[in-house]
There are 6 protein chains.
Amino acid sequence: MRIVSFGEIMMRLTPPDYLLLEQTNQLTLSFVGTGVNLLSSLSRFGHKTAIMTKVPDNSLGRAAVAEIRKLGIQDDLIGYSGNHLGSFFVELGFDIRPTVVTYQNRLNSSFCSSAKETYDFASAVKAADIVHICGIALSLTKETRESAIALAKIAKEQGKLICFDFNYRPSLNQENEVNKIRSYYEEILQYSDMVFGSYRDLTELLGLVVDSSLSAQEQLLQVSKEFMEKYQIQQFSGTIRKHGKEKELTGFIMAGEHIYISDSIALTYLDRIGSGDAYAAGIINGYIKNWSKDRTVNFATANAALAHITRGDTPMATQQQVEQFMYNPTIDLIR
Amino acid sequence: MRIVSFGEIMMRLTPPDYLLLEQTNQLTLSFVGTGVNLLSSLSRFGHKTAIMTKVPDNSLGRAAVAEIRKLGIQDDLIGYSGNHLGSFFVELGFDIRPTVVTYQNRLNSSFCSSAKETYDFASAVKAADIVHICGIALSLTKETRESAIALAKIAKEQGKLICFDFNYRPSLNQENEVNKIRSYYEEILQYSDMVFGSYRDLTELLGLVVDSSLSAQEQLLQVSKEFMEKYQIQQFSGTIRKHGKEKELTGFIMAGEHIYISDSIALTYLDRIGSGDAYAAGIINGYIKNWSKDRTVNFATANAALAHITRGDTPMATQQQVEQFMYNPTIDLIR
Amino acid sequence: MRIVSFGEIMMRLTPPDYLLLEQTNQLTLSFVGTGVNLLSSLSRFGHKTAIMTKVPDNSLGRAAVAEIRKLGIQDDLIGYSGNHLGSFFVELGFDIRPTVVTYQNRLNSSFCSSAKETYDFASAVKAADIVHICGIALSLTKETRESAIALAKIAKEQGKLICFDFNYRPSLNQENEVNKIRSYYEEILQYSDMVFGSYRDLTELLGLVVDSSLSAQEQLLQVSKEFMEKYQIQQFSGTIRKHGKEKELTGFIMAGEHIYISDSIALTYLDRIGSGDAYAAGIINGYIKNWSKDRTVNFATANAALAHITRGDTPMATQQQVEQFMYNPTIDLIR
Amino acid sequence: MRIVSFGEIMMRLTPPDYLLLEQTNQLTLSFVGTGVNLLSSLSRFGHKTAIMTKVPDNSLGRAAVAEIRKLGIQDDLIGYSGNHLGSFFVELGFDIRPTVVTYQNRLNSSFCSSAKETYDFASAVKAADIVHICGIALSLTKETRESAIALAKIAKEQGKLICFDFNYRPSLNQENEVNKIRSYYEEILQYSDMVFGSYRDLTELLGLVVDSSLSAQEQLLQVSKEFMEKYQIQQFSGTIRKHGKEKELTGFIMAGEHIYISDSIALTYLDRIGSGDAYAAGIINGYIKNWSKDRTVNFATANAALAHITRGDTPMATQQQVEQFMYNPTIDLIR
Amino acid sequence: MRIVSFGEIMMRLTPPDYLLLEQTNQLTLSFVGTGVNLLSSLSRFGHKTAIMTKVPDNSLGRAAVAEIRKLGIQDDLIGYSGNHLGSFFVELGFDIRPTVVTYQNRLNSSFCSSAKETYDFASAVKAADIVHICGIALSLTKETRESAIALAKIAKEQGKLICFDFNYRPSLNQENEVNKIRSYYEEILQYSDMVFGSYRDLTELLGLVVDSSLSAQEQLLQVSKEFMEKYQIQQFSGTIRKHGKEKELTGFIMAGEHIYISDSIALTYLDRIGSGDAYAAGIINGYIKNWSKDRTVNFATANAALAHITRGDTPMATQQQVEQFMYNPTIDLIR
Amino acid sequence: MRIVSFGEIMMRLTPPDYLLLEQTNQLTLSFVGTGVNLLSSLSRFGHKTAIMTKVPDNSLGRAAVAEIRKLGIQDDLIGYSGNHLGSFFVELGFDIRPTVVTYQNRLNSSFCSSAKETYDFASAVKAADIVHICGIALSLTKETRESAIALAKIAKEQGKLICFDFNYRPSLNQENEVNKIRSYYEEILQYSDMVFGSYRDLTELLGLVVDSSLSAQEQLLQVSKEFMEKYQIQQFSGTIRKHGKEKELTGFIMAGEHIYISDSIALTYLDRIGSGDAYAAGIINGYIKNWSKDRTVNFATANAALAHITRGDTPMATQQQVEQFMYNPTIDLIR
């Protein structure tokens, strides 16, 4: 089983010790991204994975690729072109102080400026069992949008399972109209089998309408059903978060007529970013291994929770570690 | 609007990672002090600020002044003399373990050994709108006490608003009698308009008497009124803390006949020191901007709370960040 | 009053900042062990202490001994032989993520390969008032087991107080049968006066049987009584932990017919390891100083709690600091 | 005397300890650039300085401006726009291993995308005595080129001294033709008074021809004279380097008919970058202070040498420190 | 072209900043070894590589394997067993102070305790073009010795090129007799094609006799010829070092009747360890690419020199970087 | 053999990586001083040592004492009083850039403010074989001067060997007249047996006159002889340094009528400070062990050279390491 993800490798630069950028000149560099995070987690669950992307052919690009290999992701689909990696700074929040993410220029990155012709999608898909596409590609540049859609089409033609993650960030789309973005999403959704997203993606981006007199969970059920029918989606899943001083994480899978809800996990964040990717990896792992939806949704939620209490964007837990965490939640020391 | 503060720049030396001094030889250096903290915060709120102080004319003094500029405070009122900066160590507490502050010799610092004649108070006050004086100057040396009082007097004569912060630390005054210290405070209070302090400053230092059968809030109201009448103070404000495992911060402003109490904010400390200065900066900012007392007291309390969950003594939040924190307290990620 | 402990000095290697071994190449080295931790704490309580052990005669051994001296433990009973120090990695947990300890080879360490003939137990015991032996020595190698038992016998003959700590780790004994290990424990218990352990040590290792219809505390009382009578133990003490998101620590002393239970302390761990040794040090300190059992059990529990909210295995609090923590639990800043 | 420089603030990201990017994830952030480096040095020589540039209005931009103030440069001419700061990585060389600089995308930075209309050049020039322009602006974008030329023109009209630094980097101009770049340089040179550059700038970029049968120094003299006459330049200066295992630095000033050559300084580099800016600052300082050309060229060369043996791009020496280094070169400890 | 190396992955623990173990508790962890170093370098020269070894199945083993992948080495021949990785400390020397290496126990490592039956040598050799064996395996344990010899035999049978590196360390063999070790070396040499070693390996270990009246180079020539004839070796190569304050490195290849000597390179060490492996990688690269012996010996020596001025054991240079260093030795800045 | 030294423990605060104070906020803390450095070295040579001093009774004082023990120095003569430790910053030089030391206030330290009555000199001397006094005590305060002289007198009365180190720093004595300081030195010299100093101490401080027509070495011989006769000194020793880019260190001992000169050692400094103390420790070690003057002077010079190429003030080499360095100067790797 080999999962190929199409997405960007980005540099994350993080000040230590909850410091702000103005307070220190020390930074920790990591290479992240939805694809990187998802595949790292899947490789820890025992699957072969490869990322399809572009990086510059210089020290930085080579350092990025070396880290990708370290995470257990194969590097044979990475091309070298351009001279820029997208980057962002993370000033980690503490307690009720929010985490602040500051993006640097991304649109001129090697990935964002690579046209679809620069990829050999047909061969890559042939050697894959599952193809994963991150929705951010639809909002970035003409090149990334066309590449994502071309890849989805080829994967559909070859009959591979296509996973699509909304990852819609209103803040990244200031100058685009929602309508234009929506049409891109609608195009790719027609090729998608397994979709990751949230209630808001369906209502705010796709414009689906819900009966606001229903309970929150009923609204989610209603709008998910409508979404899955409209776009012929096989499975839709995501997380629900309780914010504020006492945080809580819950996962859901909508499949067939049913919605499967995980147990809620109360937590204190160590690192706010990347748990959505951990959740998706958990869902895909359960899917590949033919687990029940109940087992899958609880496993994915536990993986997402562990990602919140682990440093960095990238999930690091093996399946054994996730299960130990699920089934022995009060163990605080493992020798 | 330019605020000038008279006070000491001190070195703070902090071991990393909640370690004790015996456990590490790595220290982080910062330059702090009531004046520094207050002005840094005010400069982030959009005001011009300058600190009036003395540092040694060597590498260390220049490093201190460079940091002051970095914080957004103007350095034109800093004089160079002597060869010592006061310093203290902070061993940060964790959970219910307290933070421990160890002072090194301070009385021979450049600031503490500079006589009032070495300052040009008249010109400094002329170029200021608000003058801020920290009460610690009254307990340190004859030189700092005389300078503080001389400055207050000149500011009064020139009709500038004078802010005075009690900052009374019994532990710093072991060898002085309370009576002597009280007389110095009484002298400077006659020039003061806006005062920062606590219930204990009024009862223990100034010796005001309260009816102990009243509720805590009524006692505060009663003794504050008496204090303001006796010394002709325009506004008195401070914070009330709930200690222990579940900590909480509340602010108050006493003005006219009324006391204004902020919402309480529950928190986990990241850094115990400096929030009183953040609170005072918030109060002065509301005053300058003619905000209502309610808005002011809640803004100042939020600024103080943010200081507790930010590294270092020095408040780092802009007005926009404080307000986002006040009005969207459950946001945990800002992209 | 001089306490001598027989035990191993181990290297602990800890990644910073809650990182996993795969996430960083920075490690912090400390030298720890039951004996080291216990004696460090006792020396802070005003007692003379010495560790009896072996380290390699190289840079690493000398660095270990230098750290031992730094902790306040005398190094005159440390011998130099072999070429290996046992080591382990600690990946610190966060919130509900458990701490993971990975041991490296230990059985070939200088300590584990030193036969009883290489120690001068008679002289060491003569110069000691209390002899402490860690039960791990019984499970490691033939050499450590025979040394521990020989030392206990000599101490008994010389009439010194013998403290014995079960420290039974099922995970370290995979290849030994419980029966064999039990017989070693039974042999050393006949020489022991003051014992540290847990309910599970008595039931799982020694095989004592309890009436499971009793309450947890009654079970502990029953099995402790039986244990103390059977092996002629003067005093038995240990801790009870509440795991999960809300952690809690409680201590007990069983002496005569009574069990003394401390107040429970709620905490968030900074470092999961070493608090058992802090607890034992507190108990021994109370014993030496002839404190009441109530004072002793609360002091020991407070010392153990402080160890949990202090970095590293090794307790660092002085008696004054423990007492300040016990009697002024809401103080969060000491200047 | 106030010097205003027009140029970019860039992020420099440097791995510690001579490590390569593939070997570490720790980086040190500094904010540098020709203007920053030059002005930092001039402010240490006692002059008022200000940088005219653009940074993004976010955490990163504010951190950059805070560092600028720390360096002693005034921030009142810095505008906030765009959302990107140009960045580069420096993998420091060691001994005969070269330093490697990897640029990230720069053309979309706040500075590079700001049109000349976004600056108030007239007011800025009015408040300045000397205007400094870095030639890199000519190669970056249409916006930076037009701004640089507009500023030079206005400064000329207002009769201010204009310093221009070639800073021509063939590697940055791969896609531009030399001819186009040459014409931009020729345009700005007609406004320039004091120029910094090298022999190669005159021959390779401007295309001046030399008699290759002359000695190296005679060639420099000949081509400099021709250059100064052709473009009506008042003074031309730069450095000559000896590369390889034994490095050496020598400075020259061409003024009137004469060339002034400094003593050569043998050194081992601590940080390869930024010494050209230190040299220019030394020349400008000597000019402002009306020093002899001999004193000036030796002072500037010493400042450049100190920059090579100091961490970072940015010169940090005061005039007193440079002179101590010049006149007491064998002192190795200052107490 | 795939090169498989049989050898141990070891942990190297290095204090920062030229500190001794007694001076710091900060360590940097890297995973090294002759095989790791050689293959890392070969993978940078464009070859596929894999290491055949054993690591423990725990956090540490997984971290080691992740780093191996990061270095560009395939991990499919790594087995998981045992619970110990061999480790050593490196206290880096400075100037004329020597580097000190302190080994911890190695003989109980996963690698050293794995019998030949635990490897599938036949399949591994089938998928390889070149097999590399490090001579240290002959001195460690019965298991490593038998494995190394079995692998060599199988590779010979399958007709693959066998590279053997003496790596004879008298200090590791204190308790073995030279005669026994010599017989192991003699056994494996009969299978070997390309050998790496030194003059002393031939005379001190193998006991070959030289005419001491000859010059050093003639002695090397004479003894190498005798060695190659006796054991039917195709090519023998190694380095010659000049020690002391002015260090120098020279390489040689003995092939056919001729000895090829490289240019000497003068250097200052940044990291003393690992350059022998870089040299061997350079030789193998030249062999695979059919370069002339002259080009090969100079390339290998340059790669070894770069390893000395790069942090860590592991060579990091690409072929392009080595060649740039060879052909442009005075370039000190690459942008 | 127990050596007791009377002197101050000071905090040294050092920025990392050759950075200046203005360039970083990271500092490394060490506890140093002439006595600390000397005794640390002597304890590594196998002697019992103790420092007689005062530190504050707080976290900092305890951390200082813990480090003293770590260095191998006994802490039983350290008293606790006052609340200040003297401190200084070291900005390490690089190549030809000098190291800069910035002292903070020292005169109010625990040591400097402790009167002679606070020490029990008689008992301390009784338990010592050698008493070492650092001349800085004569220039600091009345208290330190009187204590030093009292101690010297008691040691003389008890017939112990008295070592005295000039350590005269003109920069520390700005406000004292040389004449006054000279009289203090003359008083203590009458009790001294073994003296450490330099040519300049004899001529500039003591005012001895030399025939400037003699060679440098003859001048040293002449003035040393005169000095030893005048003050009845048994042995006088010190070092001669060659400054500049190529540094060199040479030691001398003047005893009887002869001067013994060591071989010169060429070096590159890693840390400029503390080698004088290493030299003195080497001389005392040779004296105790009855070595020839030639062996002693070469050993002491090698120890001083090693101190220059080791981090920190404090010498760290054992006798075996010094001798290996003397007799095998070209070994660059010890396994």
# chains A, B, ... in the order shown; residues from 1 in each chain; ligands from 1
>>> closest_atom_pairs(of="chain B", to="chain A", cutoff="8 Å", atoms="only C-alpha atoms", output="CSV")
residue,atom,partner,partner_atom,distance
B:Asp17,CA,A:Asp17,CA,7.7
B:Leu267,CA,A:Asp95,CA,7.1
B:Thr268,CA,A:Asp95,CA,6.4
B:Leu270,CA,A:Phe94,CA,7.4
B:Leu306,CA,A:Arg97,CA,7.0
B:Ile309,CA,A:Phe94,CA,6.1
B:Thr310,CA,A:Leu19,CA,7.3
B:Arg311,CA,A:Leu19,CA,6.1
B:Phe325,CA,A:Arg97,CA,7.4
B:Pro329,CA,A:Gly244,CA,6.7
B:Thr330,CA,A:Gly244,CA,4.2
B:Ile331,CA,A:Pro98,CA,6.3
B:Asp332,CA,A:Pro98,CA,4.1
B:Leu333,CA,A:Thr99,CA,4.8
B:Ile334,CA,A:Val100,CA,4.8
B:Arg335,CA,A:Val101,CA,4.6
>>> write_last_selection(atoms="all heavy atoms", output="CSV table (one decimal), in the first residue's frame")
chain,number,residue,atom,x,y,z
B,17,ASP,N,14.2,26.9,31.1
B,17,ASP,CA,13.6,25.6,31.2
B,17,ASP,C,13.2,25.2,32.7
B,17,ASP,O,13.2,24.1,33.1
B,17,ASP,CB,14.6,24.5,30.7
B,17,ASP,CG,13.9,23.3,30.1
B,17,ASP,OD1,12.7,23.4,29.8
B,17,ASP,OD2,14.5,22.3,30.1
B,267,LEU,N,-5.8,32.3,35.1
B,267,LEU,CA,-4.7,32.0,34.3
B,267,LEU,C,-3.6,31.1,35.0
B,267,LEU,O,-3.7,30.8,36.2
B,267,LEU,CB,-3.9,33.2,33.8
B,267,LEU,CG,-4.1,34.6,34.3
B,267,LEU,CD1,-3.1,35.0,35.4
B,267,LEU,CD2,-3.7,35.5,33.1
B,268,THR,N,-2.7,30.6,34.1
B,268,THR,CA,-1.6,29.8,34.5
B,268,THR,C,-0.4,30.7,34.2
B,268,THR,O,-0.3,31.2,33.0
B,268,THR,CB,-1.5,28.6,33.6
B,268,THR,OG1,-2.7,27.8,33.8
B,268,THR,CG2,-0.3,27.7,34.1
B,270,LEU,N,3.1,32.1,33.0
B,270,LEU,CA,4.4,31.7,32.3
B,270,LEU,C,5.5,32.4,32.9
B,270,LEU,O,6.6,31.9,33.0
B,270,LEU,CB,4.2,32.1,30.8
B,270,LEU,CG,5.4,31.7,29.9
B,270,LEU,CD1,5.7,30.2,29.9
B,270,LEU,CD2,5.2,32.2,28.5
B,306,LEU,N,-2.0,39.2,30.1
B,306,LEU,CA,-1.1,38.9,29.0
B,306,LEU,C,0.4,38.9,29.4
B,306,LEU,O,1.2,38.1,29.0
B,306,LEU,CB,-1.3,39.8,27.8
B,306,LEU,CG,-2.4,39.4,26.8
B,306,LEU,CD1,-2.7,40.5,25.8
B,306,LEU,CD2,-2.0,38.1,26.1
B,309,ILE,N,1.4,35.6,30.9
B,309,ILE,CA,1.5,34.5,30.0
B,309,ILE,C,2.4,34.8,28.8
B,309,ILE,O,2.4,34.1,27.8
B,309,ILE,CB,0.1,34.0,29.5
B,309,ILE,CG1,-0.8,35.1,28.9
B,309,ILE,CG2,-0.7,33.4,30.7
B,309,ILE,CD1,-2.1,34.6,28.5
B,310,THR,N,3.3,35.8,29.0
B,310,THR,CA,4.3,36.1,28.1
B,310,THR,C,5.7,36.1,28.8
B,310,THR,O,5.7,36.4,30.0
B,310,THR,CB,4.1,37.6,27.5
B,310,THR,OG1,2.8,37.6,26.9
B,310,THR,CG2,5.1,38.0,26.5
B,311,ARG,N,6.7,35.6,28.2
B,311,ARG,CA,8.0,35.5,28.8
B,311,ARG,C,8.6,36.9,29.2
B,311,ARG,O,8.4,37.8,28.4
B,311,ARG,CB,9.1,34.9,27.9
B,311,ARG,CG,9.1,33.4,27.9
B,311,ARG,CD,10.2,32.9,28.9
B,311,ARG,NE,10.1,31.4,29.0
B,311,ARG,CZ,9.4,30.8,29.9
B,311,ARG,NH1,8.8,31.4,30.9
B,311,ARG,NH2,9.3,29.5,29.9
B,325,PHE,N,-7.5,39.9,22.6
B,325,PHE,CA,-7.5,39.0,23.7
B,325,PHE,C,-8.8,39.2,24.6
B,325,PHE,O,-9.4,38.3,25.1
B,325,PHE,CB,-6.3,39.2,24.5
B,325,PHE,CG,-6.1,38.4,25.8
B,325,PHE,CD1,-5.9,37.0,25.7
B,325,PHE,CD2,-6.2,39.0,27.0
B,325,PHE,CE1,-5.8,36.3,26.9
B,325,PHE,CE2,-6.0,38.3,28.2
B,325,PHE,CZ,-5.8,36.9,28.1
B,329,PRO,N,-11.7,35.9,23.6
B,329,PRO,CA,-10.9,35.1,24.4
B,329,PRO,C,-10.7,33.6,24.1
B,329,PRO,O,-9.8,33.0,24.6
B,329,PRO,CB,-11.6,35.2,25.8
B,329,PRO,CG,-13.0,35.6,25.5
B,329,PRO,CD,-13.0,36.3,24.2
B,330,THR,N,-11.5,33.1,23.2
B,330,THR,CA,-11.4,31.7,22.9
B,330,THR,C,-10.6,31.4,21.6
B,330,THR,O,-10.4,30.2,21.2
B,330,THR,CB,-12.8,31.0,22.8
B,330,THR,OG1,-13.5,31.6,21.7
B,330,THR,CG2,-13.6,31.1,24.1
B,331,ILE,N,-10.2,32.4,20.9
B,331,ILE,CA,-9.3,32.2,19.8
B,331,ILE,C,-8.0,31.7,20.2
B,331,ILE,O,-7.3,32.3,21.0
B,331,ILE,CB,-9.2,33.5,18.9
B,331,ILE,CG1,-10.5,33.8,18.2
B,331,ILE,CG2,-8.0,33.4,18.0
B,331,ILE,CD1,-10.4,34.9,17.3
B,332,ASP,N,-7.6,30.5,19.6
B,332,ASP,CA,-6.3,30.0,20.1
B,332,ASP,C,-5.3,29.9,18.9
B,332,ASP,O,-4.2,29.4,19.1
B,332,ASP,CB,-6.4,28.6,20.8
B,332,ASP,CG,-7.2,27.6,19.9
B,332,ASP,OD1,-7.3,27.8,18.7
B,332,ASP,OD2,-7.8,26.7,20.5
B,333,LEU,N,-5.7,30.4,17.8
B,333,LEU,CA,-4.7,30.4,16.6
B,333,LEU,C,-5.0,31.6,15.7
B,333,LEU,O,-6.2,31.7,15.3
B,333,LEU,CB,-4.9,29.1,15.8
B,333,LEU,CG,-4.0,28.9,14.6
B,333,LEU,CD1,-2.5,29.0,15.0
B,333,LEU,CD2,-4.3,27.6,13.9
B,334,ILE,N,-4.0,32.4,15.5
B,334,ILE,CA,-4.2,33.5,14.6
B,334,ILE,C,-3.3,33.4,13.4
B,334,ILE,O,-2.1,33.3,13.6
B,334,ILE,CB,-3.8,34.9,15.4
B,334,ILE,CG1,-4.8,35.1,16.5
B,334,ILE,CG2,-3.9,36.1,14.4
B,334,ILE,CD1,-4.4,36.2,17.5
B,335,ARG,N,-3.9,33.3,12.2
B,335,ARG,CA,-3.0,33.1,11.0
B,335,ARG,C,-3.1,34.4,10.2
B,335,ARG,O,-4.1,34.9,10.0
B,335,ARG,CB,-3.5,32.0,10.1
B,335,ARG,CG,-3.4,30.6,10.8
B,335,ARG,CD,-3.3,29.6,9.7
B,335,ARG,NE,-4.1,28.4,10.1
B,335,ARG,CZ,-3.6,27.1,10.1
B,335,ARG,NH1,-2.4,26.9,9.6
B,335,ARG,NH2,-4.3,26.1,10.5
>>> select_by_dssp(residues="region 50-297 of chain B", states="strand (DSSP E)", output="ChimeraX atom specification")
/B:50-55,78-80,87-91,99-103,130-134,161-165,194-196,235-242,247-255,258-261,265-267
>>> residues_around(residues="Ile130 (chain B)", least_positions_apart="5", cutoff="12 Å", atoms="only C-alpha atoms", output="VMD selection string")
chain B and resid 1 to 6 39 42 47 to 51 124 to 125 151 to 152 155 to 156 158 to 164 192 to 194 284 to 285 287 to 288
>>> write_last_selection(atoms="N, CA and C atoms", output="short mmCIF file (atom, residue, chain, number, x, y, z; two decimals), in the first residue's frame")
data_model
loop_
_atom_site.label_atom_id
_atom_site.label_comp_id
_atom_site.auth_asym_id
_atom_site.auth_seq_id
_atom_site.Cartn_x
_atom_site.Cartn_y
_atom_site.Cartn_z
N MET B 1 2.18 63.14 22.74
CA MET B 1 2.14 62.70 24.14
C MET B 1 3.41 61.94 24.46
N ARG B 2 4.24 62.48 25.34
CA ARG B 2 5.49 61.81 25.72
C ARG B 2 5.51 61.57 27.22
N ILE B 3 5.74 60.29 27.57
CA ILE B 3 5.82 59.91 28.98
C ILE B 3 7.27 59.68 29.34
N VAL B 4 7.70 60.33 30.42
CA VAL B 4 9.06 60.14 30.91
C VAL B 4 9.00 59.42 32.24
N SER B 5 9.78 58.37 32.36
CA SER B 5 9.82 57.65 33.63
C SER B 5 11.20 57.74 34.23
N PHE B 6 11.24 57.93 35.55
CA PHE B 6 12.51 57.97 36.28
C PHE B 6 12.65 56.63 37.00
N LEU B 39 7.12 51.71 30.17
CA LEU B 39 7.30 52.51 28.94
C LEU B 39 7.25 51.61 27.71
N LEU B 42 3.68 51.20 27.02
CA LEU B 42 3.07 52.44 26.50
C LEU B 42 3.52 52.71 25.07
N HIS B 47 2.47 55.59 22.17
CA HIS B 47 2.95 56.82 22.80
C HIS B 47 4.48 56.93 22.71
N LYS B 48 4.95 58.16 22.71
CA LYS B 48 6.40 58.40 22.78
C LYS B 48 6.82 58.27 24.24
N THR B 49 7.93 57.60 24.47
CA THR B 49 8.36 57.37 25.85
C THR B 49 9.87 57.54 25.95
N ALA B 50 10.31 57.90 27.17
CA ALA B 50 11.76 58.02 27.40
C ALA B 50 12.04 57.68 28.85
N ILE B 51 13.14 56.99 29.08
CA ILE B 51 13.51 56.66 30.45
C ILE B 51 14.66 57.55 30.89
N ALA B 124 13.99 67.94 31.07
CA ALA B 124 13.32 66.67 30.81
C ALA B 124 11.81 66.82 31.02
N VAL B 125 11.44 67.49 32.09
CA VAL B 125 10.01 67.65 32.38
C VAL B 125 9.37 68.53 31.31
N LEU B 151 12.40 65.62 41.27
CA LEU B 151 11.71 65.51 39.98
C LEU B 151 10.21 65.73 40.14
N ALA B 152 9.64 65.11 41.19
CA ALA B 152 8.20 65.26 41.42
C ALA B 152 7.85 66.73 41.62
N ALA B 155 8.04 68.65 38.36
CA ALA B 155 6.92 68.28 37.49
C ALA B 155 5.63 68.95 37.97
N LYS B 156 5.48 68.96 39.29
CA LYS B 156 4.29 69.64 39.86
C LYS B 156 4.32 71.11 39.47
N GLN B 158 5.68 72.53 37.01
CA GLN B 158 5.43 72.74 35.58
C GLN B 158 4.04 72.25 35.18
N GLY B 159 3.28 71.73 36.16
CA GLY B 159 1.89 71.35 35.89
C GLY B 159 1.72 70.08 35.07
N LYS B 160 2.70 69.21 35.10
CA LYS B 160 2.57 67.95 34.37
C LYS B 160 1.87 66.91 35.23
N LEU B 161 1.25 65.95 34.58
CA LEU B 161 0.60 64.86 35.31
C LEU B 161 1.67 63.96 35.91
N ILE B 162 1.55 63.67 37.20
CA ILE B 162 2.55 62.84 37.88
C ILE B 162 1.92 61.52 38.29
N CYS B 163 2.52 60.44 37.75
CA CYS B 163 2.09 59.09 38.12
C CYS B 163 3.10 58.53 39.10
N PHE B 164 2.58 57.95 40.16
CA PHE B 164 3.48 57.40 41.18
C PHE B 164 3.07 55.96 41.49
N SER B 192 1.68 63.92 43.78
CA SER B 192 1.22 62.89 42.85
C SER B 192 -0.24 63.05 42.46
N ASP B 193 -0.54 62.69 41.21
CA ASP B 193 -1.91 62.77 40.71
C ASP B 193 -2.54 61.39 40.58
N MET B 194 -1.79 60.49 39.95
CA MET B 194 -2.33 59.17 39.66
C MET B 194 -1.42 58.17 40.36
N ILE B 284 -2.75 54.05 32.33
CA ILE B 284 -2.29 55.33 31.76
C ILE B 284 -2.76 55.46 30.32
N ASN B 285 -2.73 54.37 29.57
CA ASN B 285 -3.19 54.41 28.18
C ASN B 285 -4.67 54.82 28.12
N TYR B 287 -6.28 56.47 30.32
CA TYR B 287 -6.37 57.87 30.77
C TYR B 287 -6.07 58.83 29.62
N ILE B 288 -4.97 58.57 28.93
CA ILE B 288 -4.55 59.45 27.83
C ILE B 288 -5.62 59.46 26.74
#
>>> residues_around(residues="Ile261 (chain F)", least_positions_apart="2", cutoff="7 Å", atoms="only C-alpha atoms", output="list in words")
Gly251, Phe252, Ile253, Ile259, Asp263 and Val297 of chain F
>>> write_last_selection(atoms="N, CA, C and O atoms", output="short mmCIF file (atom, residue, chain, number, x, y, z; two decimals), in the first residue's frame")
data_model
loop_
_atom_site.label_atom_id
_atom_site.label_comp_id
_atom_site.auth_asym_id
_atom_site.auth_seq_id
_atom_site.Cartn_x
_atom_site.Cartn_y
_atom_site.Cartn_z
N GLY F 251 57.79 30.22 30.34
CA GLY F 251 57.78 30.37 31.79
C GLY F 251 59.18 30.53 32.34
O GLY F 251 60.16 30.15 31.69
N PHE F 252 59.28 31.11 33.54
CA PHE F 252 60.60 31.19 34.20
C PHE F 252 60.44 30.93 35.69
O PHE F 252 59.39 31.19 36.28
N ILE F 253 61.49 30.38 36.28
CA ILE F 253 61.61 30.29 37.74
C ILE F 253 62.95 30.90 38.11
O ILE F 253 63.99 30.52 37.56
N ILE F 259 68.18 31.39 36.96
CA ILE F 259 66.88 31.51 36.34
C ILE F 259 66.71 30.32 35.39
O ILE F 259 67.62 29.99 34.63
N ASP F 263 60.85 25.80 27.61
CA ASP F 263 60.65 25.88 26.17
C ASP F 263 59.46 26.79 25.89
O ASP F 263 58.53 26.87 26.69
N VAL F 297 59.40 23.99 35.57
CA VAL F 297 59.08 25.17 34.76
C VAL F 297 58.43 24.74 33.44
O VAL F 297 57.53 25.41 32.93
#
